[in-house]
>>> print(open('upload-v4.tsv').read())   # TSV, C-alpha atoms and all ligand atoms
chain	number	residue	atom	x	y	z
A	1	MET	CA	76.73	-6.40	-87.63
A	2	ILE	CA	77.90	-2.83	-87.06
A	3	SER	CA	81.06	-1.78	-88.87
A	4	LYS	CA	83.60	-0.54	-86.35
A	5	GLY	CA	85.39	1.76	-88.79
A	6	VAL	CA	89.01	2.69	-88.16
A	7	VAL	CA	90.14	2.44	-84.53
A	8	LEU	CA	93.71	3.62	-83.89
A	9	ASP	CA	95.81	1.60	-81.46
A	10	MET	CA	97.42	3.94	-78.93
A	11	ALA	CA	99.73	1.15	-77.73
A	12	LEU	CA	101.79	2.06	-80.82
A	13	LEU	CA	102.63	5.39	-79.20
A	14	PHE	CA	104.70	3.45	-76.66
A	15	GLY	CA	106.21	1.02	-79.19
A	16	THR	CA	109.20	1.35	-81.53
A	17	PRO	CA	110.06	4.78	-83.01
A	18	ASN	CA	108.40	3.71	-86.26
A	19	GLN	CA	105.23	2.61	-84.50
A	20	LYS	CA	105.11	5.90	-82.62
A	21	LYS	CA	105.47	7.77	-85.91
A	22	GLU	CA	102.74	5.65	-87.48
A	23	PHE	CA	100.31	6.41	-84.63
A	24	CYS	CA	100.99	10.15	-84.75
A	25	SER	CA	100.65	10.42	-88.52
A	26	SER	CA	97.41	8.36	-88.60
A	27	LEU	CA	96.04	10.57	-85.83
A	28	LEU	CA	96.77	13.69	-87.83
A	29	TYR	CA	95.45	12.16	-91.05
A	30	HIS	CA	92.05	11.33	-89.52
A	31	LEU	CA	91.75	14.59	-87.61
A	32	LYS	CA	92.55	16.60	-90.72
A	33	SER	CA	90.20	14.67	-92.97
A	34	GLN	CA	87.21	14.25	-90.65
A	35	GLY	CA	87.79	16.15	-87.38
A	36	TRP	CA	87.49	13.03	-85.20
A	37	VAL	CA	88.96	9.55	-84.76
A	38	LYS	CA	88.42	6.45	-82.59
A	39	ILE	CA	91.22	5.21	-80.32
A	40	GLN	CA	91.72	2.01	-78.31
A	41	ASN	CA	94.39	1.07	-75.72
A	42	HIS	CA	94.33	4.65	-74.43
A	43	GLY	CA	95.28	3.58	-70.92
A	44	ILE	CA	91.83	3.70	-69.26
A	45	SER	CA	90.97	0.08	-68.54
A	46	ARG	CA	87.93	-1.83	-69.79
A	47	GLU	CA	86.81	-2.39	-66.17
A	48	VAL	CA	86.93	1.32	-65.41
A	49	ILE	CA	84.91	2.21	-68.51
A	50	HIS	CA	82.29	-0.45	-67.76
A	51	LYS	CA	82.03	0.94	-64.24
A	52	LEU	CA	81.82	4.47	-65.66
A	53	PHE	CA	78.75	3.50	-67.71
A	54	SER	CA	77.17	1.58	-64.84
A	55	MET	CA	77.70	4.46	-62.36
A	56	THR	CA	76.31	6.88	-64.95
A	57	LYS	CA	73.16	4.76	-65.33
A	58	HIS	CA	72.76	4.46	-61.56
A	59	PHE	CA	73.06	8.20	-61.18
A	60	PHE	CA	70.42	9.05	-63.77
A	61	ASN	CA	68.12	6.31	-62.42
A	62	LEU	CA	67.98	8.07	-59.04
A	63	PRO	CA	64.75	9.91	-58.22
A	64	TYR	CA	64.65	13.49	-59.54
A	65	GLU	CA	64.73	14.90	-55.97
A	66	GLU	CA	67.99	13.05	-55.26
A	67	LYS	CA	69.66	14.33	-58.43
A	68	MET	CA	68.46	17.85	-57.63
A	69	LYS	CA	70.50	17.73	-54.40
A	70	ALA	CA	73.46	18.48	-56.71
A	71	LYS	CA	71.61	20.85	-58.99
A	72	HIS	CA	73.31	22.93	-61.67
A	73	PRO	CA	72.64	26.66	-61.15
A	74	PRO	CA	69.96	28.12	-63.45
A	75	GLN	CA	72.61	29.96	-65.50
A	76	ALA	CA	75.45	28.45	-67.57
A	77	ASN	CA	78.30	29.34	-65.22
A	78	PRO	CA	79.53	27.70	-63.03
A	79	ASN	CA	79.03	24.63	-65.19
A	80	ARG	CA	78.72	22.08	-62.39
A	81	GLY	CA	76.07	19.63	-61.22
A	82	TYR	CA	72.84	18.10	-62.46
A	83	SER	CA	70.84	19.69	-65.31
A	84	TYR	CA	67.30	18.32	-65.79
A	85	VAL	CA	65.73	17.68	-69.21
A	86	GLY	CA	65.07	21.06	-70.82
A	87	GLN	CA	67.49	23.08	-68.68
A	88	GLU	CA	70.26	23.38	-71.28
A	89	ASN	CA	69.52	23.84	-74.98
A	90	VAL	CA	72.50	23.58	-77.29
A	91	ALA	CA	70.48	24.92	-80.25
A	92	GLN	CA	71.14	28.35	-78.69
A	93	ILE	CA	74.69	28.11	-80.03
A	94	SER	CA	74.11	25.91	-83.08
A	95	GLY	CA	74.79	28.53	-85.74
A	96	TYR	CA	77.87	29.94	-84.00
A	97	GLY	CA	80.92	30.08	-86.25
A	98	LYS	CA	78.77	29.65	-89.35
A	99	GLY	CA	77.44	33.20	-89.25
A	100	LYS	CA	73.96	31.80	-88.53
A	101	GLY	CA	71.62	32.61	-85.68
A	102	PRO	CA	70.56	30.12	-82.99
A	103	GLY	CA	68.46	27.07	-83.83
A	104	LYS	CA	65.07	26.49	-82.20
A	105	SER	CA	65.01	22.85	-81.08
A	106	ARG	CA	64.93	21.67	-77.44
A	107	ASP	CA	67.44	19.05	-76.28
A	108	ILE	CA	65.86	15.97	-74.68
A	109	LYS	CA	68.75	15.11	-72.36
A	110	GLU	CA	69.85	15.32	-68.72
A	111	THR	CA	73.48	15.87	-67.72
A	112	PHE	CA	75.87	15.95	-64.77
A	113	ASP	CA	78.94	18.21	-65.01
A	114	MET	CA	82.14	18.03	-62.97
A	115	GLY	CA	85.58	19.64	-62.91
A	116	ALA	CA	88.81	18.68	-61.15
A	117	ALA	CA	88.46	17.79	-57.46
A	118	ASN	CA	91.04	20.48	-56.56
A	119	ASP	CA	89.84	23.15	-59.00
A	120	SER	CA	90.95	26.50	-57.56
A	121	LEU	CA	87.97	28.45	-58.90
A	122	ILE	CA	84.86	26.25	-58.89
A	123	ASN	CA	83.65	23.53	-56.54
A	124	ASN	CA	81.95	20.41	-57.75
A	125	GLN	CA	78.35	19.68	-56.74
A	126	TRP	CA	77.83	16.23	-55.24
A	127	ILE	CA	74.77	14.27	-54.21
A	128	PRO	CA	75.00	12.89	-50.64
A	129	GLU	CA	77.31	9.87	-50.38
A	130	GLU	CA	74.43	7.64	-49.21
A	131	SER	CA	72.39	8.45	-52.36
A	132	LEU	CA	74.94	6.58	-54.51
A	133	PRO	CA	77.84	5.16	-52.49
A	134	GLY	CA	81.22	5.43	-54.22
A	135	PHE	CA	79.97	7.78	-56.98
A	136	ARG	CA	82.10	10.78	-55.99
A	137	GLU	CA	85.26	8.74	-55.37
A	138	PHE	CA	84.92	6.90	-58.68
A	139	MET	CA	84.30	10.07	-60.72
A	140	GLU	CA	87.22	11.89	-59.08
A	141	SER	CA	89.48	8.98	-59.89
A	142	PHE	CA	88.18	8.78	-63.47
A	143	TYR	CA	88.99	12.47	-63.93
A	144	GLU	CA	92.62	11.77	-63.00
A	145	GLN	CA	92.85	8.79	-65.35
A	146	ALA	CA	91.34	10.76	-68.22
A	147	PHE	CA	93.86	13.56	-67.56
A	148	LYS	CA	96.72	11.05	-68.02
A	149	ALA	CA	95.25	9.85	-71.33
A	150	GLU	CA	94.80	13.51	-72.34
A	151	MET	CA	98.50	14.25	-71.77
A	152	HIS	CA	99.54	11.32	-74.01
A	153	LEU	CA	97.12	12.40	-76.72
A	154	LEU	CA	98.38	15.99	-76.57
A	155	SER	CA	101.97	14.73	-76.93
A	156	ALA	CA	100.97	12.67	-79.96
A	157	LEU	CA	99.20	15.66	-81.49
A	158	ALA	CA	102.20	17.93	-80.90
A	159	ILE	CA	104.55	15.38	-82.50
A	160	ALA	CA	102.19	14.98	-85.46
A	161	LEU	CA	101.93	18.75	-85.95
A	162	GLY	CA	105.69	19.27	-85.52
A	163	ILE	CA	105.32	21.61	-82.53
A	164	SER	CA	106.81	21.52	-79.02
A	165	GLU	CA	105.31	18.74	-76.89
A	166	ASN	CA	106.35	20.56	-73.73
A	167	HIS	CA	104.66	23.75	-74.80
A	168	VAL	CA	101.38	22.04	-75.66
A	169	LYS	CA	101.44	20.10	-72.39
A	170	SER	CA	102.27	23.22	-70.36
A	171	LEU	CA	99.22	24.96	-71.85
A	172	HIS	CA	97.10	22.17	-70.30
A	173	ASP	CA	98.95	21.29	-67.10
A	174	ARG	CA	96.38	22.69	-64.65
A	175	ALA	CA	93.75	20.14	-65.77
A	176	GLU	CA	91.06	22.84	-65.87
A	177	ASN	CA	88.84	20.47	-67.81
A	178	GLU	CA	85.17	19.61	-67.66
A	179	PHE	CA	83.69	16.17	-67.50
A	180	ARG	CA	80.02	15.43	-68.30
A	181	LEU	CA	77.75	12.41	-67.94
A	182	LEU	CA	74.82	12.40	-70.39
A	183	HIS	CA	71.52	10.52	-70.51
A	184	TYR	CA	69.08	10.80	-73.39
A	185	PRO	CA	65.78	9.27	-72.18
A	186	ALA	CA	63.90	6.73	-74.29
A	187	LEU	CA	61.18	8.42	-76.34
A	188	PRO	CA	58.77	7.73	-79.18
A	189	VAL	CA	60.26	8.69	-82.53
A	190	SER	CA	57.29	11.02	-83.11
A	191	TYR	CA	58.75	13.40	-80.45
A	192	LEU	CA	61.61	14.22	-82.78
A	193	ALA	CA	59.61	14.22	-86.01
A	194	ASP	CA	58.79	17.92	-86.34
A	195	LYS	CA	62.35	18.97	-85.39
A	196	THR	CA	61.23	21.08	-82.41
A	197	ALA	CA	63.10	18.59	-80.24
A	198	THR	CA	66.29	16.60	-80.68
A	199	ARG	CA	68.77	14.71	-78.47
A	200	ILE	CA	71.53	17.33	-78.66
A	201	ALA	CA	71.56	20.05	-81.32
A	202	GLU	CA	74.54	20.53	-83.62
A	203	HIS	CA	77.49	22.38	-82.11
A	204	THR	CA	81.25	22.41	-81.77
A	205	ASP	CA	82.86	21.83	-78.37
A	206	PHE	CA	84.83	24.77	-76.95
A	207	GLY	CA	88.03	23.17	-75.69
A	208	THR	CA	91.10	21.62	-77.32
A	209	ILE	CA	89.85	18.06	-77.82
A	210	THR	CA	86.93	16.07	-76.44
A	211	MET	CA	87.36	12.46	-75.34
A	212	LEU	CA	83.96	10.81	-75.70
A	213	PHE	CA	82.61	7.36	-74.81
A	214	GLN	CA	79.25	6.22	-76.20
A	215	ASP	CA	77.07	3.16	-75.56
A	216	SER	CA	75.73	0.91	-78.33
A	217	THR	CA	72.56	2.94	-79.11
A	218	GLY	CA	73.86	5.17	-81.91
A	219	GLY	CA	72.71	8.54	-83.23
A	220	LEU	CA	75.95	10.52	-82.87
A	221	GLN	CA	76.74	12.32	-86.13
A	222	VAL	CA	79.48	14.64	-87.28
A	223	GLU	CA	79.37	17.16	-90.11
A	224	ASP	CA	81.50	16.29	-93.11
A	225	GLN	CA	84.35	18.81	-93.20
A	226	THR	CA	84.48	18.80	-96.99
A	227	GLN	CA	80.71	18.83	-97.54
A	228	ARG	CA	79.17	21.22	-95.05
A	229	GLY	CA	75.57	20.38	-94.13
A	230	ALA	CA	76.08	16.60	-94.59
A	231	PHE	CA	76.15	14.71	-91.27
A	232	ARG	CA	77.79	11.24	-91.07
A	233	ASP	CA	77.15	8.65	-88.35
A	234	ILE	CA	79.85	7.81	-85.84
A	235	GLU	CA	78.79	4.18	-85.48
A	236	PRO	CA	78.87	2.70	-82.00
A	237	SER	CA	81.65	0.14	-81.54
A	238	ALA	CA	83.17	-1.12	-78.29
A	239	PRO	CA	82.09	1.23	-75.46
A	240	THR	CA	85.78	1.32	-74.51
A	241	ASP	CA	86.71	3.04	-77.79
A	242	LEU	CA	87.56	6.67	-77.14
A	243	ILE	CA	86.17	9.07	-79.74
A	244	LEU	CA	88.48	12.06	-79.99
A	245	ASN	CA	87.10	15.17	-81.63
A	246	ILE	CA	88.54	18.61	-82.22
A	247	GLY	CA	87.18	21.64	-80.35
A	248	ASP	CA	87.28	25.39	-81.05
A	249	SER	CA	90.41	26.05	-78.97
A	250	LEU	CA	92.54	23.71	-81.10
A	251	GLN	CA	91.13	25.26	-84.26
A	252	ARG	CA	92.25	28.67	-82.96
A	253	LEU	CA	95.67	27.50	-81.70
A	254	THR	CA	96.41	25.87	-85.08
A	255	ASN	CA	95.05	28.83	-87.07
A	256	ASP	CA	92.52	26.53	-88.84
A	257	THR	CA	95.06	23.76	-89.66
A	258	LEU	CA	92.69	21.53	-87.67
A	259	LEU	CA	88.99	22.39	-87.75
A	260	ALA	CA	86.53	21.85	-84.90
A	261	ALA	CA	84.13	18.95	-85.55
A	262	CYS	CA	80.49	20.06	-85.65
A	263	HIS	CA	78.40	17.23	-84.18
A	264	ARG	CA	74.93	16.35	-82.86
A	265	VAL	CA	72.93	13.39	-81.54
A	266	THR	CA	69.73	12.37	-83.26
A	267	TYR	CA	67.86	9.13	-84.10
A	268	PRO	CA	69.89	5.91	-84.15
A	269	PRO	CA	70.60	5.25	-87.86
A	270	THR	CA	68.33	2.18	-87.98
A	271	THR	CA	65.20	4.01	-86.72
A	272	LYS	CA	62.19	4.17	-89.03
A	273	LYS	CA	61.25	7.81	-88.69
A	274	ASP	CA	57.59	7.48	-89.65
A	275	GLY	CA	56.73	4.55	-87.36
A	276	ASN	CA	55.69	4.25	-83.69
A	277	GLU	CA	59.08	3.02	-82.62
A	278	VAL	CA	60.47	4.00	-79.22
A	279	ILE	CA	64.08	5.15	-79.43
A	280	PRO	CA	66.02	3.51	-76.58
A	281	ASP	CA	67.82	5.38	-73.80
A	282	ARG	CA	71.32	6.51	-74.71
A	283	TYR	CA	74.23	7.13	-72.32
A	284	SER	CA	77.50	8.87	-73.14
A	285	ILE	CA	80.38	10.45	-71.26
A	286	ALA	CA	82.35	13.45	-72.52
A	287	TYR	CA	85.68	14.65	-71.09
A	288	PHE	CA	86.29	18.16	-72.42
A	289	VAL	CA	90.02	18.90	-72.54
A	290	LYS	CA	90.57	22.64	-72.13
A	291	PRO	CA	93.69	24.81	-72.09
A	292	ASN	CA	94.52	26.41	-68.72
A	293	ARG	CA	92.07	29.25	-68.10
A	294	SER	CA	94.82	31.88	-68.36
A	295	ALA	CA	96.30	30.46	-71.60
A	296	SER	CA	96.08	32.60	-74.72
A	297	LEU	CA	94.24	31.14	-77.69
A	298	LEU	CA	96.23	33.21	-80.18
A	299	PRO	CA	97.39	30.88	-82.98
A	300	LEU	CA	100.77	29.32	-82.19
A	301	LYS	CA	103.67	30.88	-84.11
A	302	GLU	CA	104.28	27.70	-86.14
A	303	PHE	CA	100.88	28.16	-87.85
A	304	VAL	CA	101.25	31.83	-88.78
A	305	SER	CA	103.14	32.95	-91.89
A	306	GLU	CA	102.78	35.36	-94.76
A	307	GLU	CA	100.69	32.77	-96.62
A	308	THR	CA	98.66	31.89	-93.52
A	309	PRO	CA	98.10	35.15	-91.63
A	310	CYS	CA	96.79	35.03	-88.07
A	311	LYS	CA	93.00	34.56	-88.17
A	312	TYR	CA	92.13	34.99	-84.51
A	313	ASP	CA	92.17	37.61	-81.74
A	314	ASN	CA	93.95	37.19	-78.48
A	315	VAL	CA	91.42	35.81	-75.98
A	316	THR	CA	92.17	33.61	-73.00
A	317	ALA	CA	90.78	30.08	-72.86
A	318	TRP	CA	88.53	31.15	-69.97
A	319	GLU	CA	87.17	34.18	-71.85
A	320	TRP	CA	86.45	31.97	-74.85
A	321	ASN	CA	84.80	29.29	-72.74
A	322	ASN	CA	82.53	31.81	-71.04
A	323	LEU	CA	81.61	33.55	-74.27
A	324	ARG	CA	80.57	30.19	-75.78
A	325	ILE	CA	78.63	28.81	-72.82
A	326	ALA	CA	76.84	32.05	-71.96
A	327	LYS	CA	73.72	31.33	-74.00
A	328	LEU	CA	73.31	27.62	-73.24
A	329	TYR	CA	71.04	28.01	-70.24
A	330	THR	CA	68.82	30.83	-71.52
B	401	LIG	O1	76.24	12.34	-76.37
B	401	LIG	C1	77.14	12.47	-77.19
B	401	LIG	O2	77.59	11.51	-77.81
B	401	LIG	C2	77.68	13.85	-77.51
B	401	LIG	C3	77.56	14.83	-76.39
B	401	LIG	C4	78.10	16.17	-76.77
B	401	LIG	O3	78.31	16.46	-77.92
B	401	LIG	C5	78.40	17.19	-75.75
B	401	LIG	O4	77.98	17.04	-74.58
B	401	LIG	O5	79.06	18.19	-76.09
B	402	FE	FE	79.70	18.09	-78.02
>>> encode(input="upload-v4.tsv", output="structure tokens", more="lines below")
Ligand SMILES: O=C(O)CCC(=O)C(=O)O
Ligand SMILES: [Fe+2]
Amino acid sequence: MISKGVVLDMALLFGTPNQKKEFCSSLLYHLKSQGWVKIQNHGISREVIHKLFSMTKHFFNLPYEEKMKAKHPPQANPNRGYSYVGQENVAQISGYGKGKGPGKSRDIKETFDMGAANDSLINNQWIPEESLPGFREFMESFYEQAFKAEMHLLSALAIALGISENHVKSLHDRAENEFRLLHYPALPVSYLADKTATRIAEHTDFGTITMLFQDSTGGLQVEDQTQRGAFRDIEPSAPTDLILNIGDSLQRLTNDTLLAACHRVTYPPTTKKDGNEVIPDRYSIAYFVKPNRSASLLPLKEFVSEETPCKYDNVTAWEWNNLRIAKLYT
């Protein structure tokens, strides 16, 4: 039996004033102590999340040639469409922020990236409708539903941090987010043994928060914020549980009051590393919440004082995003 760990109930955010307070302070407590937290009753229904996983599986099960009809360009930007196994290697940015150089491992994963349907700068890449009927419509609708959940979570965060809800929401009101489907193919454990390959190398996400859904396979780990170098498992629980983790942009906006969660995906925790076991397929979905491209990532005034001087330069969210993704596809 897998322990579920703490799962916060977002229904409390819409309950009595005391319940709302309880939700916001638990959110802050977990984010401060571990950089991530699980949340249920976030407003995206069980049916929709089950369909999200089933559509994701159908997509990756399509023949390679079909998926390549929506291919991601060879370079990192624009970050849209299908990336085959080996195209993106997150180890290129693994040491970033720790003053270390890139890692060397290859990621054994394939991905499909999307943005908002009405994004003013970048178009999505779609496979033909007949390749997977309903795929585009479902994903566009999921994007909208995730944006609603995002807005509630940002309100809760603002309340918890004692800063203006309206300001935080206005920094994100253009929904210039990214949304990624991930498939880690089944493989013999020996493939990962010499560390030249992994599922996804350690990294921090670039945006404000990431809303992640994972299947029951396991292998997602996050670095302990008080013991750097030690990675702890984020155990699978209900696939409907939303895993919220902090990205670089929130670390910058809060002047290090909240720290980005460094995470990776490796063997499921029960795998015997020296055997002939085959690690099962793993599917996950990540919705990367990002500030509007033109928003400044200078720390907000509430987090800057004589005791806590401003730690970061004035870059826009778009400049930061592009600086961070630049090396991923090299
Ligand atoms: O597959 C996962 O659970 C994590 C994926 C991830 O970290 C990412 O795409 O940034
Ligand atoms: Fe990530």
>>> closest_residue(input="upload-v4.tsv", among="A:Glu130, A:Glu235, A:Asp194, A:Glu144", to="ligand LIG 401 (chain B)", atoms="only C-alpha atoms and all ligand atoms")
A:Glu235
>>> residues_near_ligand(input="upload-v4.tsv", ligand="ligand LIG 401 (chain B)", cutoff="8 Å", atoms="only C-alpha atoms and all ligand atoms", output="number ranges by chain")
A: 180, 182-184, 200, 202-205, 212-214, 219-220, 263-265, 282-286
>>> atom_distance(input="upload-v4.tsv", atom1="atom CA of A:Asn314", atom2="atom CA of A:Lys290")
16.2 Å
>>> closest_residue(input="upload-v4.tsv", among="A:Lys195, A:His50, A:His72, A:Arg324", to="A:Tyr267", atoms="only C-alpha atoms")
A:Lys195
>>> closest_residue(input="upload-v4.tsv", among="A:Leu298, A:Ile279, A:Val37, A:Thr210", to="A:Gly247", atoms="all atoms listed in the file")
A:Thr210
>>> closest_residue(input="upload-v4.tsv", among="A:Trp36, A:Ala186, A:Ile127, A:Ala317", to="ligand FE 402 (chain B)", atoms="all atoms listed in the file")
A:Trp36
>>> decode(input="upload-v4.tsv", residues="stretch 160-232 of chain A", atoms="C-alpha atoms", output="tab-separated table (two decimals), in the first residue's frame")
chain	number	residue	atom	x	y	z
A	160	ALA	CA	-0.69	33.24	2.22
A	161	LEU	CA	2.23	35.55	1.42
A	162	GLY	CA	0.30	38.68	2.43
A	163	ILE	CA	0.60	40.34	-0.99
A	164	SER	CA	-2.02	41.75	-3.37
A	165	GLU	CA	-4.12	39.02	-4.99
A	166	ASN	CA	-5.03	41.37	-7.83
A	167	HIS	CA	-1.43	42.18	-8.56
A	168	VAL	CA	-0.36	38.54	-8.66
A	169	LYS	CA	-3.31	37.64	-10.87
A	170	SER	CA	-2.68	40.58	-13.20
A	171	LEU	CA	0.90	39.38	-13.70
A	172	HIS	CA	-0.57	36.12	-15.07
A	173	ASP	CA	-3.77	37.23	-16.80
A	174	ARG	CA	-2.63	36.57	-20.38
A	175	ALA	CA	-2.35	32.82	-19.75
A	176	GLU	CA	1.00	32.68	-21.57
A	177	ASN	CA	1.58	29.24	-20.10
A	178	GLU	CA	2.95	26.00	-21.49
A	179	PHE	CA	1.37	22.62	-21.21
A	180	ARG	CA	3.28	19.36	-21.81
A	181	LEU	CA	2.32	15.70	-22.15
A	182	LEU	CA	5.14	13.29	-21.24
A	183	HIS	CA	5.74	9.60	-21.94
A	184	TYR	CA	8.70	7.70	-20.55
A	185	PRO	CA	8.88	4.39	-22.49
A	186	ALA	CA	9.26	1.07	-20.69
A	187	LEU	CA	12.91	0.01	-20.55
A	188	PRO	CA	15.18	-2.53	-18.89
A	189	VAL	CA	16.66	-1.18	-15.68
A	190	SER	CA	20.15	-1.83	-17.09
A	191	TYR	CA	19.63	1.15	-19.49
A	192	LEU	CA	19.76	3.52	-16.55
A	193	ALA	CA	22.47	1.70	-14.60
A	194	ASP	CA	25.57	3.57	-15.76
A	195	LYS	CA	23.85	6.98	-15.43
A	196	THR	CA	24.41	7.93	-19.09
A	197	ALA	CA	20.63	7.85	-19.44
A	198	THR	CA	17.76	8.77	-17.15
A	199	ARG	CA	14.02	9.54	-17.47
A	200	ILE	CA	14.36	13.30	-16.95
A	201	ALA	CA	17.49	14.87	-15.47
A	202	GLU	CA	17.32	17.09	-12.40
A	203	HIS	CA	16.19	20.67	-13.04
A	204	THR	CA	13.99	23.46	-11.79
A	205	ASP	CA	11.02	24.63	-13.88
A	206	PHE	CA	11.21	28.20	-15.17
A	207	GLY	CA	7.75	29.59	-14.46
A	208	THR	CA	5.83	30.59	-11.33
A	209	ILE	CA	4.38	27.22	-10.35
A	210	THR	CA	3.96	23.89	-12.15
A	211	MET	CA	0.74	21.88	-11.84
A	212	LEU	CA	1.68	18.26	-12.44
A	213	PHE	CA	-0.34	15.04	-12.73
A	214	GLN	CA	1.43	11.67	-12.58
A	215	ASP	CA	0.25	8.08	-13.11
A	216	SER	CA	0.86	5.27	-10.60
A	217	THR	CA	4.35	4.26	-11.84
A	218	GLY	CA	6.52	6.40	-9.56
A	219	GLY	CA	10.07	7.69	-9.91
A	220	LEU	CA	9.45	11.43	-9.48
A	221	GLN	CA	11.84	12.86	-6.88
A	222	VAL	CA	12.47	16.29	-5.45
A	223	GLU	CA	15.62	17.60	-3.82
A	224	ASP	CA	15.36	18.22	-0.10
A	225	GLN	CA	15.53	21.99	0.40
A	226	THR	CA	17.33	21.65	3.72
A	227	GLN	CA	19.69	18.87	2.64
A	228	ARG	CA	20.92	19.64	-0.86
A	229	GLY	CA	21.87	16.56	-2.88
A	230	ALA	CA	19.28	14.32	-1.15
A	231	PHE	CA	16.32	13.47	-3.41
A	232	ARG	CA	12.99	12.33	-1.87
